[in-house]
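Peer 1: Structure file protein-v9.pdb, PDB, C-alpha atoms, pLDDT in the B column, is pasted below:
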```pdb
MODEL        1
ATOM      1  CA  MET A   1       5.641 -19.564 -44.171  1.00 42.00           C
ATOM      2  CA  GLU A   2       2.758 -20.020 -41.734  1.00 48.00           C
ATOM      3  CA  LEU A   3       5.152 -19.361 -38.842  1.00 42.00           C
ATOM      4  CA  VAL A   4       6.247 -16.079 -40.437  1.00 46.00           C
ATOM      5  CA  GLN A   5       2.605 -15.041 -40.865  1.00 53.00           C
ATOM      6  CA  PHE A   6       1.884 -15.952 -37.257  1.00 51.00           C
ATOM      7  CA  PHE A   7       4.601 -13.575 -36.036  1.00 53.00           C
ATOM      8  CA  GLY A   8       3.539 -10.829 -38.431  1.00 57.00           C
ATOM      9  CA  ALA A   9       3.159  -7.154 -37.602  1.00 59.00           C
ATOM     10  CA  ASP A  10      -0.523  -7.429 -36.659  1.00 64.00           C
ATOM     11  CA  ARG A  11       0.189 -10.245 -34.237  1.00 73.00           C
ATOM     12  CA  ALA A  12       3.076  -8.349 -32.667  1.00 78.00           C
ATOM     13  CA  ILE A  13       0.951  -5.230 -32.149  1.00 79.00           C
ATOM     14  CA  THR A  14      -1.866  -7.302 -30.678  1.00 81.00           C
ATOM     15  CA  PHE A  15       0.616  -8.918 -28.304  1.00 84.00           C
ATOM     16  CA  MET A  16       1.941  -5.503 -27.242  1.00 85.00           C
ATOM     17  CA  LEU A  17      -1.546  -4.135 -26.601  1.00 85.00           C
ATOM     18  CA  LEU A  18      -2.538  -7.228 -24.649  1.00 87.00           C
ATOM     19  CA  PHE A  19       0.644  -6.971 -22.596  1.00 89.00           C
ATOM     20  CA  ALA A  20      -0.179  -3.303 -21.880  1.00 88.00           C
ATOM     21  CA  ARG A  21      -3.739  -4.166 -20.806  1.00 88.00           C
ATOM     22  CA  LEU A  22      -2.599  -6.929 -18.457  1.00 89.00           C
ATOM     23  CA  SER A  23       0.151  -4.687 -17.082  1.00 89.00           C
ATOM     24  CA  GLY A  24      -2.606  -2.629 -15.495  1.00 87.00           C
ATOM     25  CA  LEU A  25      -3.463  -5.661 -13.368  1.00 87.00           C
ATOM     26  CA  VAL A  26      -0.106  -5.704 -11.556  1.00 88.00           C
ATOM     27  CA  VAL A  27       0.329  -1.927 -11.486  1.00 86.00           C
ATOM     28  CA  PHE A  28      -3.013  -0.604 -10.257  1.00 88.00           C
ATOM     29  CA  PHE A  29      -4.957  -3.444  -8.606  1.00 88.00           C
ATOM     30  CA  PRO A  30      -4.558  -4.459  -4.954  1.00 86.00           C
ATOM     31  CA  PHE A  31      -2.603  -7.606  -4.040  1.00 85.00           C
ATOM     32  CA  PHE A  32      -1.040  -7.778  -7.522  1.00 86.00           C
ATOM     33  CA  SER A  33       0.563  -4.342  -7.061  1.00 83.00           C
ATOM     34  CA  HIS A  34       2.102  -5.203  -3.685  1.00 79.00           C
ATOM     35  CA  ASN A  35       5.422  -3.408  -3.300  1.00 79.00           C
ATOM     36  CA  GLN A  36       7.090  -6.454  -1.755  1.00 78.00           C
ATOM     37  CA  VAL A  37       6.655  -8.429  -4.990  1.00 81.00           C
ATOM     38  CA  PRO A  38       9.795  -7.962  -7.151  1.00 83.00           C
ATOM     39  CA  LEU A  39       9.353  -6.185 -10.460  1.00 84.00           C
ATOM     40  CA  THR A  40      10.822  -9.200 -12.258  1.00 89.00           C
ATOM     41  CA  VAL A  41       8.115 -11.463 -10.851  1.00 88.00           C
ATOM     42  CA  LYS A  42       5.406  -8.997 -11.873  1.00 88.00           C
ATOM     43  CA  THR A  43       6.794  -8.785 -15.400  1.00 89.00           C
ATOM     44  CA  LEU A  44       6.943 -12.564 -15.747  1.00 91.00           C
ATOM     45  CA  LEU A  45       3.394 -12.815 -14.411  1.00 91.00           C
ATOM     46  CA  VAL A  46       2.128 -10.346 -17.010  1.00 91.00           C
ATOM     47  CA  LEU A  47       4.040 -12.192 -19.737  1.00 90.00           C
ATOM     48  CA  ALA A  48       2.498 -15.514 -18.668  1.00 91.00           C
ATOM     49  CA  PHE A  49      -1.010 -14.015 -18.639  1.00 91.00           C
ATOM     50  CA  THR A  50      -0.379 -12.472 -22.054  1.00 90.00           C
ATOM     51  CA  ILE A  51       0.603 -15.822 -23.539  1.00 89.00           C
ATOM     52  CA  ILE A  52      -2.414 -17.533 -21.946  1.00 88.00           C
ATOM     53  CA  PHE A  53      -4.948 -14.897 -23.023  1.00 88.00           C
ATOM     54  CA  PHE A  54      -3.452 -14.247 -26.454  1.00 85.00           C
ATOM     55  CA  PRO A  55      -5.837 -16.671 -28.251  1.00 82.00           C
ATOM     56  CA  LEU A  56      -8.764 -14.737 -26.746  1.00 79.00           C
ATOM     57  CA  ALA A  57      -7.551 -11.366 -28.009  1.00 78.00           C
ATOM     58  CA  LYS A  58      -9.339  -9.973 -31.024  1.00 73.00           C
ATOM     59  CA  VAL A  59      -6.905  -9.649 -33.909  1.00 56.00           C
ATOM     60  CA  SER A  60      -7.529  -6.484 -35.877  1.00 55.00           C
ATOM     61  CA  THR A  61      -5.550  -4.044 -37.964  1.00 56.00           C
ATOM     62  CA  HIS A  62      -3.948  -1.200 -35.969  1.00 51.00           C
ATOM     63  CA  GLU A  63      -2.310   1.892 -37.322  1.00 55.00           C
ATOM     64  CA  ILE A  64       1.298   2.166 -36.155  1.00 52.00           C
ATOM     65  CA  ASN A  65       0.906   5.952 -35.820  1.00 54.00           C
ATOM     66  CA  PHE A  66      -1.659   5.538 -33.052  1.00 70.00           C
ATOM     67  CA  LEU A  67       0.013   2.645 -31.254  1.00 73.00           C
ATOM     68  CA  VAL A  68       1.228   4.826 -28.376  1.00 77.00           C
ATOM     69  CA  PHE A  69      -2.270   6.174 -27.766  1.00 79.00           C
ATOM     70  CA  GLU A  70      -3.710   2.667 -27.845  1.00 80.00           C
ATOM     71  CA  ILE A  71      -1.148   1.485 -25.278  1.00 81.00           C
ATOM     72  CA  LEU A  72      -2.052   4.440 -23.054  1.00 85.00           C
ATOM     73  CA  SER A  73      -5.703   3.538 -23.524  1.00 83.00           C
ATOM     74  CA  GLU A  74      -5.051   0.020 -22.227  1.00 84.00           C
ATOM     75  CA  LEU A  75      -3.186   1.375 -19.209  1.00 86.00           C
ATOM     76  CA  LEU A  76      -6.057   3.783 -18.579  1.00 87.00           C
ATOM     77  CA  LEU A  77      -8.399   0.816 -18.241  1.00 87.00           C
ATOM     78  CA  GLY A  78      -6.318  -0.570 -15.383  1.00 86.00           C
ATOM     79  CA  LEU A  79      -5.977   2.886 -13.812  1.00 87.00           C
ATOM     80  CA  CYS A  80      -9.723   3.607 -13.754  1.00 86.00           C
ATOM     81  CA  ALA A  81     -10.814   0.137 -12.663  1.00 87.00           C
ATOM     82  CA  GLY A  82      -7.996  -0.186 -10.125  1.00 88.00           C
ATOM     83  CA  LEU A  83      -8.894   3.196  -8.614  1.00 87.00           C
ATOM     84  CA  LEU A  84     -12.444   2.063  -7.876  1.00 88.00           C
ATOM     85  CA  ILE A  85     -11.252  -1.190  -6.306  1.00 89.00           C
ATOM     86  CA  ASN A  86      -8.573   0.543  -4.222  1.00 89.00           C
ATOM     87  CA  ILE A  87     -11.162   2.953  -2.830  1.00 90.00           C
ATOM     88  CA  ILE A  88     -12.827  -0.009  -1.119  1.00 89.00           C
ATOM     89  CA  PHE A  89      -9.535  -1.020   0.496  1.00 89.00           C
ATOM     90  CA  THR A  90      -8.890   2.576   1.520  1.00 88.00           C
ATOM     91  CA  MET A  91     -12.168   2.533   3.425  1.00 89.00           C
ATOM     92  CA  LEU A  92     -10.695   0.179   6.036  1.00 88.00           C
ATOM     93  CA  SER A  93      -7.467   2.186   6.137  1.00 86.00           C
ATOM     94  CA  PHE A  94      -9.452   5.353   6.834  1.00 88.00           C
ATOM     95  CA  ALA A  95     -11.359   3.589   9.621  1.00 89.00           C
ATOM     96  CA  GLY A  96      -8.056   2.371  11.054  1.00 86.00           C
ATOM     97  CA  GLU A  97      -6.663   5.902  11.092  1.00 85.00           C
ATOM     98  CA  GLN A  98      -9.688   7.132  13.054  1.00 86.00           C
ATOM     99  CA  ILE A  99      -9.411   4.240  15.506  1.00 86.00           C
ATOM    100  CA  SER A 100      -5.674   4.822  15.971  1.00 83.00           C
ATOM    101  CA  MET A 101      -6.273   8.480  16.715  1.00 82.00           C
ATOM    102  CA  VAL A 102      -8.816   7.872  19.507  1.00 82.00           C
ATOM    103  CA  MET A 103      -6.732   5.028  20.983  1.00 80.00           C
ATOM    104  CA  GLY A 104      -3.610   7.194  21.164  1.00 74.00           C
ATOM    105  CA  PHE A 105      -1.735   5.374  18.379  1.00 73.00           C
ATOM    106  CA  SER A 106      -1.668   8.267  15.915  1.00 65.00           C
ATOM    107  CA  MET A 107       2.094   8.676  16.430  1.00 63.00           C
ATOM    108  CA  ALA A 108       2.778   4.927  16.324  1.00 59.00           C
ATOM    109  CA  SER A 109       3.234   4.555  12.564  1.00 61.00           C
ATOM    110  CA  VAL A 110       4.788   1.657  10.687  1.00 56.00           C
ATOM    111  CA  MET A 111       5.489   1.190   7.004  1.00 56.00           C
ATOM    112  CA  ASP A 112       2.594  -0.220   5.024  1.00 58.00           C
ATOM    113  CA  PRO A 113       4.170  -2.821   2.681  1.00 56.00           C
ATOM    114  CA  THR A 114       1.320  -2.500   0.174  1.00 57.00           C
ATOM    115  CA  SER A 115       1.867   1.209  -0.455  1.00 58.00           C
ATOM    116  CA  GLY A 116       5.358   1.831   0.936  1.00 58.00           C
ATOM    117  CA  LEU A 117       4.054   4.694   3.104  1.00 61.00           C
ATOM    118  CA  ASN A 118       3.871   5.084   6.867  1.00 66.00           C
ATOM    119  CA  SER A 119       0.436   4.372   8.333  1.00 70.00           C
ATOM    120  CA  PRO A 120      -0.951   3.924  11.857  1.00 76.00           C
ATOM    121  CA  VAL A 121      -0.681   0.483  13.436  1.00 80.00           C
ATOM    122  CA  ILE A 122      -4.432  -0.213  13.468  1.00 84.00           C
ATOM    123  CA  SER A 123      -4.760   0.888   9.841  1.00 83.00           C
ATOM    124  CA  ASN A 124      -1.950  -1.475   8.878  1.00 83.00           C
ATOM    125  CA  ILE A 125      -3.597  -4.376  10.727  1.00 85.00           C
ATOM    126  CA  LEU A 126      -6.948  -3.759   9.041  1.00 88.00           C
ATOM    127  CA  ASN A 127      -5.209  -3.539   5.667  1.00 87.00           C
ATOM    128  CA  PHE A 128      -3.651  -6.982   6.192  1.00 87.00           C
ATOM    129  CA  MET A 129      -7.030  -8.384   7.243  1.00 89.00           C
ATOM    130  CA  ALA A 130      -8.616  -6.875   4.127  1.00 90.00           C
ATOM    131  CA  ILE A 131      -6.042  -8.578   1.874  1.00 89.00           C
ATOM    132  CA  LEU A 132      -6.616 -11.921   3.630  1.00 89.00           C
ATOM    133  CA  THR A 133     -10.382 -11.522   3.194  1.00 90.00           C
ATOM    134  CA  PHE A 134      -9.798 -10.572  -0.443  1.00 91.00           C
ATOM    135  CA  LEU A 135      -7.865 -13.805  -0.985  1.00 89.00           C
ATOM    136  CA  PHE A 136     -10.396 -15.830   1.018  1.00 89.00           C
ATOM    137  CA  PHE A 137     -13.248 -15.193  -1.435  1.00 86.00           C
ATOM    138  CA  ASP A 138     -10.911 -15.483  -4.457  1.00 86.00           C
ATOM    139  CA  GLY A 139     -10.866 -11.788  -5.252  1.00 86.00           C
ATOM    140  CA  HIS A 140      -7.603 -12.205  -7.160  1.00 87.00           C
ATOM    141  CA  HIS A 141      -9.285 -14.764  -9.422  1.00 89.00           C
ATOM    142  CA  LEU A 142     -12.234 -12.409  -9.941  1.00 89.00           C
ATOM    143  CA  LEU A 143      -9.882  -9.680 -11.163  1.00 90.00           C
ATOM    144  CA  ILE A 144      -8.245 -12.082 -13.617  1.00 89.00           C
ATOM    145  CA  GLN A 145     -11.708 -13.095 -14.851  1.00 89.00           C
ATOM    146  CA  PHE A 146     -12.548  -9.410 -15.286  1.00 89.00           C
ATOM    147  CA  TYR A 147      -9.611  -9.004 -17.665  1.00 88.00           C
ATOM    148  CA  ALA A 148     -10.483 -12.228 -19.468  1.00 87.00           C
ATOM    149  CA  ALA A 149     -14.072 -11.020 -19.942  1.00 86.00           C
ATOM    150  CA  SER A 150     -12.844  -7.650 -21.222  1.00 85.00           C
ATOM    151  CA  LEU A 151     -11.176  -9.384 -24.168  1.00 84.00           C
ATOM    152  CA  ASP A 152     -14.541 -10.691 -25.380  1.00 83.00           C
ATOM    153  CA  VAL A 153     -16.382  -7.378 -25.427  1.00 82.00           C
ATOM    154  CA  LEU A 154     -13.690  -4.664 -25.502  1.00 80.00           C
ATOM    155  CA  PRO A 155     -11.274  -4.745 -28.452  1.00 79.00           C
ATOM    156  CA  LEU A 156      -7.657  -3.935 -27.711  1.00 80.00           C
ATOM    157  CA  GLY A 157      -6.893  -0.247 -27.945  1.00 75.00           C
ATOM    158  CA  ASP A 158     -10.553   0.839 -28.019  1.00 77.00           C
ATOM    159  CA  PHE A 159     -11.051   1.673 -24.351  1.00 76.00           C
ATOM    160  CA  TYR A 160     -12.200   5.104 -23.267  1.00 76.00           C
ATOM    161  CA  PRO A 161     -13.977   6.112 -20.033  1.00 74.00           C
ATOM    162  CA  ARG A 162     -17.694   5.552 -20.416  1.00 74.00           C
ATOM    163  CA  GLU A 163     -20.378   7.985 -19.351  1.00 75.00           C
ATOM    164  CA  GLY A 164     -21.043   7.782 -15.637  1.00 77.00           C
ATOM    165  CA  VAL A 165     -17.560   6.760 -14.524  1.00 80.00           C
ATOM    166  CA  GLY A 166     -16.872  10.185 -13.005  1.00 80.00           C
ATOM    167  CA  THR A 167     -20.194  10.232 -11.135  1.00 85.00           C
ATOM    168  CA  TYR A 168     -19.617   6.708  -9.865  1.00 85.00           C
ATOM    169  CA  THR A 169     -16.119   7.641  -8.659  1.00 85.00           C
ATOM    170  CA  ILE A 170     -17.456  10.659  -6.747  1.00 86.00           C
ATOM    171  CA  LYS A 171     -20.066   8.467  -5.068  1.00 87.00           C
ATOM    172  CA  ALA A 172     -17.390   5.889  -4.246  1.00 86.00           C
ATOM    173  CA  VAL A 173     -15.262   8.544  -2.528  1.00 87.00           C
ATOM    174  CA  TYR A 174     -18.339   9.678  -0.592  1.00 86.00           C
ATOM    175  CA  TYR A 175     -18.990   6.104   0.555  1.00 85.00           C
ATOM    176  CA  LEU A 176     -15.301   5.803   1.472  1.00 86.00           C
ATOM    177  CA  TYR A 177     -15.611   8.478   4.156  1.00 86.00           C
ATOM    178  CA  MET A 178     -19.121   7.476   5.201  1.00 88.00           C
ATOM    179  CA  PHE A 179     -18.450   3.761   5.689  1.00 87.00           C
ATOM    180  CA  GLY A 180     -14.997   4.464   7.110  1.00 87.00           C
ATOM    181  CA  PHE A 181     -16.551   6.603   9.826  1.00 88.00           C
ATOM    182  CA  ILE A 182     -19.374   4.099  10.400  1.00 88.00           C
ATOM    183  CA  LEU A 183     -16.916   1.240  10.899  1.00 88.00           C
ATOM    184  CA  ALA A 184     -14.878   3.266  13.376  1.00 89.00           C
ATOM    185  CA  PHE A 185     -17.879   4.798  15.176  1.00 89.00           C
ATOM    186  CA  PRO A 186     -18.292   2.138  17.935  1.00 89.00           C
ATOM    187  CA  ILE A 187     -14.716   2.643  19.109  1.00 88.00           C
ATOM    188  CA  ILE A 188     -14.906   6.421  18.697  1.00 87.00           C
ATOM    189  CA  ALA A 189     -18.167   6.623  20.674  1.00 88.00           C
ATOM    190  CA  LEU A 190     -16.960   4.496  23.586  1.00 86.00           C
ATOM    191  CA  SER A 191     -13.644   6.319  23.617  1.00 84.00           C
ATOM    192  CA  LEU A 192     -15.458   9.658  23.937  1.00 84.00           C
ATOM    193  CA  LEU A 193     -17.628   8.160  26.671  1.00 86.00           C
ATOM    194  CA  SER A 194     -14.521   7.017  28.528  1.00 83.00           C
ATOM    195  CA  ASP A 195     -13.095  10.553  28.223  1.00 79.00           C
ATOM    196  CA  VAL A 196     -16.233  11.930  29.871  1.00 83.00           C
ATOM    197  CA  ILE A 197     -15.936   9.382  32.656  1.00 81.00           C
ATOM    198  CA  PHE A 198     -12.249  10.158  33.166  1.00 79.00           C
ATOM    199  CA  GLY A 199     -13.072  13.865  33.322  1.00 77.00           C
ATOM    200  CA  MET A 200     -15.669  13.260  36.031  1.00 81.00           C
ATOM    201  CA  LEU A 201     -13.186  11.135  37.976  1.00 77.00           C
ATOM    202  CA  MET A 202     -10.536  13.839  37.779  1.00 75.00           C
ATOM    203  CA  LYS A 203     -13.024  16.353  39.185  1.00 77.00           C
ATOM    204  CA  THR A 204     -13.965  14.107  42.096  1.00 78.00           C
ATOM    205  CA  MET A 205     -10.502  12.546  42.535  1.00 75.00           C
ATOM    206  CA  PRO A 206      -7.761  15.075  41.691  1.00 71.00           C
ATOM    207  CA  GLN A 207      -5.085  12.470  42.442  1.00 71.00           C
ATOM    208  CA  PHE A 208      -6.326  10.388  39.479  1.00 67.00           C
ATOM    209  CA  ASN A 209      -3.471  10.317  36.938  1.00 71.00           C
ATOM    210  CA  LEU A 210      -4.998  10.242  33.475  1.00 68.00           C
ATOM    211  CA  LEU A 211      -1.727   9.555  31.665  1.00 68.00           C
ATOM    212  CA  VAL A 212      -0.832   6.566  33.830  1.00 72.00           C
ATOM    213  CA  ILE A 213      -4.275   4.975  34.179  1.00 75.00           C
ATOM    214  CA  GLY A 214      -6.477   6.491  31.482  1.00 73.00           C
ATOM    215  CA  TYR A 215      -4.580   5.627  28.311  1.00 77.00           C
ATOM    216  CA  PRO A 216      -4.082   1.914  29.100  1.00 80.00           C
ATOM    217  CA  ILE A 217      -7.808   1.662  29.840  1.00 81.00           C
ATOM    218  CA  LYS A 218      -8.686   3.375  26.545  1.00 81.00           C
ATOM    219  CA  ILE A 219      -6.347   1.060  24.643  1.00 82.00           C
ATOM    220  CA  ALA A 220      -7.878  -2.002  26.313  1.00 85.00           C
ATOM    221  CA  ILE A 221     -11.395  -0.770  25.514  1.00 85.00           C
ATOM    222  CA  GLY A 222     -10.427  -0.047  21.909  1.00 84.00           C
ATOM    223  CA  PHE A 223      -8.890  -3.467  21.301  1.00 86.00           C
ATOM    224  CA  SER A 224     -11.826  -5.227  22.977  1.00 88.00           C
ATOM    225  CA  ILE A 225     -14.344  -3.469  20.742  1.00 88.00           C
ATOM    226  CA  LEU A 226     -12.158  -3.957  17.663  1.00 88.00           C
ATOM    227  CA  ILE A 227     -12.027  -7.720  18.272  1.00 89.00           C
ATOM    228  CA  ALA A 228     -15.804  -7.776  18.731  1.00 89.00           C
ATOM    229  CA  ILE A 229     -16.622  -5.883  15.520  1.00 89.00           C
ATOM    230  CA  LEU A 230     -13.756  -7.105  13.297  1.00 89.00           C
ATOM    231  CA  ALA A 231     -15.807  -9.873  11.690  1.00 89.00           C
ATOM    232  CA  GLY A 232     -18.584  -7.399  10.851  1.00 88.00           C
ATOM    233  CA  MET A 233     -16.105  -4.927   9.376  1.00 89.00           C
ATOM    234  CA  LEU A 234     -14.624  -7.561   7.089  1.00 89.00           C
ATOM    235  CA  LYS A 235     -18.117  -8.733   6.118  1.00 90.00           C
ATOM    236  CA  ILE A 236     -19.046  -5.195   5.056  1.00 89.00           C
ATOM    237  CA  PHE A 237     -15.755  -4.964   3.169  1.00 90.00           C
ATOM    238  CA  SER A 238     -16.462  -8.189   1.246  1.00 90.00           C
ATOM    239  CA  ILE A 239     -19.996  -7.033   0.368  1.00 89.00           C
ATOM    240  CA  LEU A 240     -18.762  -3.663  -0.889  1.00 89.00           C
ATOM    241  CA  PHE A 241     -15.966  -5.287  -2.895  1.00 89.00           C
ATOM    242  CA  GLN A 242     -18.322  -7.727  -4.606  1.00 88.00           C
ATOM    243  CA  LYS A 243     -20.746  -4.901  -5.374  1.00 88.00           C
ATOM    244  CA  GLY A 244     -17.937  -2.755  -6.778  1.00 86.00           C
ATOM    245  CA  PHE A 245     -16.611  -5.662  -8.836  1.00 86.00           C
ATOM    246  CA  ASN A 246     -20.085  -6.373 -10.245  1.00 87.00           C
ATOM    247  CA  ASP A 247     -20.351  -2.720 -11.321  1.00 85.00           C
ATOM    248  CA  LEU A 248     -17.071  -2.747 -13.261  1.00 84.00           C
ATOM    249  CA  PRO A 249     -18.400  -4.397 -16.476  1.00 81.00           C
ATOM    250  CA  SER A 250     -21.242  -1.876 -16.818  1.00 80.00           C
ATOM    251  CA  LEU A 251     -18.831   1.017 -16.326  1.00 78.00           C
ATOM    252  CA  PHE A 252     -15.995  -0.030 -18.646  1.00 75.00           C
ATOM    253  CA  PHE A 253     -17.474  -2.424 -21.242  1.00 70.00           C
TER     254      PHE A 253
ENDMDL
END
```
Output the file's structure in the form of C-alpha cells.
Peer 2:
Amino acid sequence: MELVQFFGADRAITFMLLFARLSGLVVFFPFFSHNQVPLTVKTLLVLAFTIIFFPLAKVSTHEINFLVFEILSELLLGLCAGLLINIIFTMLSFAGEQISMVMGFSMASVMDPTSGLNSPVISNILNFMAILTFLFFDGHHLLIQFYAASLDVLPLGDFYPREGVGTYTIKAVYYLYMFGFILAFPIIALSLLSDVIFGMLMKTMPQFNLLVIGYPIKIAIGFSILIAILAGMLKIFSILFQKGFNDLPSLFF
C-alpha cells in the first residue's frame, strides 16, 4: 500500500516537473548542450539527475489542467538562465571573429561542434579554450549546484521571469560587444599599424608584393599577440562567468 502511495499521481507529476526543469540543463547550458553528445546520453543524464534530486523536490498538489504550463515554466527557467551564461561564451566567439577578420581568416571557417554552425578558425579555437577553462574551475558542477539550490527556494512549476531580468539581459548583450572588442583590440590595433607600415613600404618600394609578404607577416603578428594575451582573455572570461553565475540566484529565485 505504501508503494502504491509513493507512485501516486502527485509523485508522478512532481517527477515530470523535475525532469522538465533538469532538461533545461542539457538543452540550454554550455558544455551540457554540446551537439556531439548523443541525445540518448543527455536523456539518461537528465533521468539520473532527476532520480538523485527527487528527494529534494517540494511535493505539492498540482492541477492537471495546468500541467503543460508548469512544464513550459520549468523549461523557461533553463532558457533564461542558459541565455545569460551563453552570452559570456559568445563574448570570446565575437572576439575571435574580429581577430579572424583582421588576420585574413574570415573565409577560413570550420564547423563549431558546440553549435553545429560554421565559425572562423580563431573563434573556434577560443571557444574550445573557453570550454576547457569552464571545466577547469568546475563550472559544470556550479551549474548542477544552481539547479540543486533552485529546488530549495523555487517550487516546481512556479517559475516566472523576475523583475530586472530584461534589463540585466540588455546590459549583458552590451558587455558582450564591449568586452569582445576589448579582447580583440590589441590584435586589431597592431594589424592596422602593420597595414599603415605596408602602405608606406609600397609607396617607397613599388616592387613590394603585399599579397606574398604582407599577409604571412600579419598572420605571424596576430598569432604572436594572441599567444601573449590568451591567458588574460581566459582570466577575464572566468571572472565574468563567476560574476554572471553569482547573479543568477538573485534574478531567478
Peer 1: Could you work out how far CA of Leu156 (chain A) lies from CA of Leu17 (chain A), giving the answer in Å with one decimal?
Peer 2: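 Computing the Euclidean distance for CA of Leu17 (chain A) and CA of Leu156 (chain A) yields 6.2 Å.
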Peer 1: For a quick check of your reading of the model, name the residues lying within 12 Å of the coordinate (-5.2, -1.3, -7.6), counting all atoms listed in the file, and write them as a PyMOL selection string.
Peer 2: chain A and resi 23-35+77-90+114-115+131+140+143
Peer 1: Considering all atoms listed in the file, state which residue in the set A:Met202, A:Ala12, A:Leu151, A:Val173 is at the smallest distance from Leu67 (chain A).
Peer 2: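 Among A:Met202, A:Ala12, A:Leu151, A:Val173, it is A:Ala12 that comes nearest to Leu67 (chain A).
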Peer 1: Could you tell me how far CA of Arg162 (chain A) lies from CA of Lys243 (chain A), in Å and to one decimal?
Peer 2: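 Distance between the two atoms: 18.6 Å.
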Peer 1: I'd like to see the residues matched by the PyMOL selection byres ((chain A and resi 121-125) around 6) on this file, and ideally I'd get them as a PDB file with C-alpha atoms, keeping the file's coordinate frame.
Peer 2:
```pdb
ATOM      1  CA  SER A  93      -7.467   2.186   6.137  1.00 86.00           C
ATOM      2  CA  GLY A  96      -8.056   2.371  11.054  1.00 86.00           C
ATOM      3  CA  GLU A  97      -6.663   5.902  11.092  1.00 85.00           C
ATOM      4  CA  SER A 100      -5.674   4.822  15.971  1.00 83.00           C
ATOM      5  CA  SER A 109       3.234   4.555  12.564  1.00 61.00           C
ATOM      6  CA  PRO A 120      -0.951   3.924  11.857  1.00 76.00           C
ATOM      7  CA  LEU A 126      -6.948  -3.759   9.041  1.00 88.00           C
ATOM      8  CA  ASN A 127      -5.209  -3.539   5.667  1.00 87.00           C
ATOM      9  CA  PHE A 128      -3.651  -6.982   6.192  1.00 87.00           C
TER      10      PHE A 128
END
```
Peer 1: Find the residue from A:Leu56, A:Ile188, A:Val41, A:Ile51 that sits nearest to Ala149 (chain A); use all atoms listed in the file when measuring.
Peer 2: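 Ranking A:Leu56, A:Ile188, A:Val41, A:Ile51 by distance to Ala149 (chain A), first place goes to A:Leu56.
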Peer 1: Using all atoms listed in the file, which of the listed residues (A:Met205, A:Ala57, A:Met101, A:Leu72) sits closest to Pro155 (chain A)?
Peer 2: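 Answer, going by the shortest atom-to-atom distance: A:Ala57.
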Peer 1: Which residues come within 12 Å of Ala189 (chain A), counting only C-alpha atoms, excluding same-chain residues fewer than 6 positions away, as an NGL selection string?
Peer 2: :A and (98-99 or 102-103 or 181-183 or 195-196 or 218 or 221-222 or 225)
Peer 1: Would you mind reading off the distance between CA of Val153 (chain A) and CA of Phe253 (chain A), one decimal, in Å?
Peer 2: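 CA of Val153 (chain A) sits 6.6 Å away from CA of Phe253 (chain A).
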Peer 1: Between A:Gln36, A:Phe19, A:Phe53, A:Phe252, single out the one closest to Glu163 (chain A), counting only C-alpha atoms.
Peer 2: A:Phe252
Peer 1: With only C-alpha atoms as the basis for distance, which of A:Leu76, A:Ile227, A:Met129, A:Leu18 is at the shortest distance from Pro55 (chain A)?
Peer 2: A:Leu18
Peer 1: Draw an axis-aligned box tight on the listed atoms of region 125-132 of chain A, then pad every side by 3 Å and write out centre and edge lengths in Å to one decimal as AutoDock Vina command-line options.
Peer 2:
```
--center_x -6.1 --center_y -7.7 --center_z 6.3 --size_x 11.0 --size_y 14.4 --size_z 14.9
```
Peer 1: Pick out the closest residue to Phe94 (chain A) from this set: A:Leu190, A:Leu240, A:Met178, A:Leu248. Count all atoms listed in the file.
Peer 2: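 Using all atoms listed in the file, the shortest distance to Phe94 (chain A) belongs to A:Met178.
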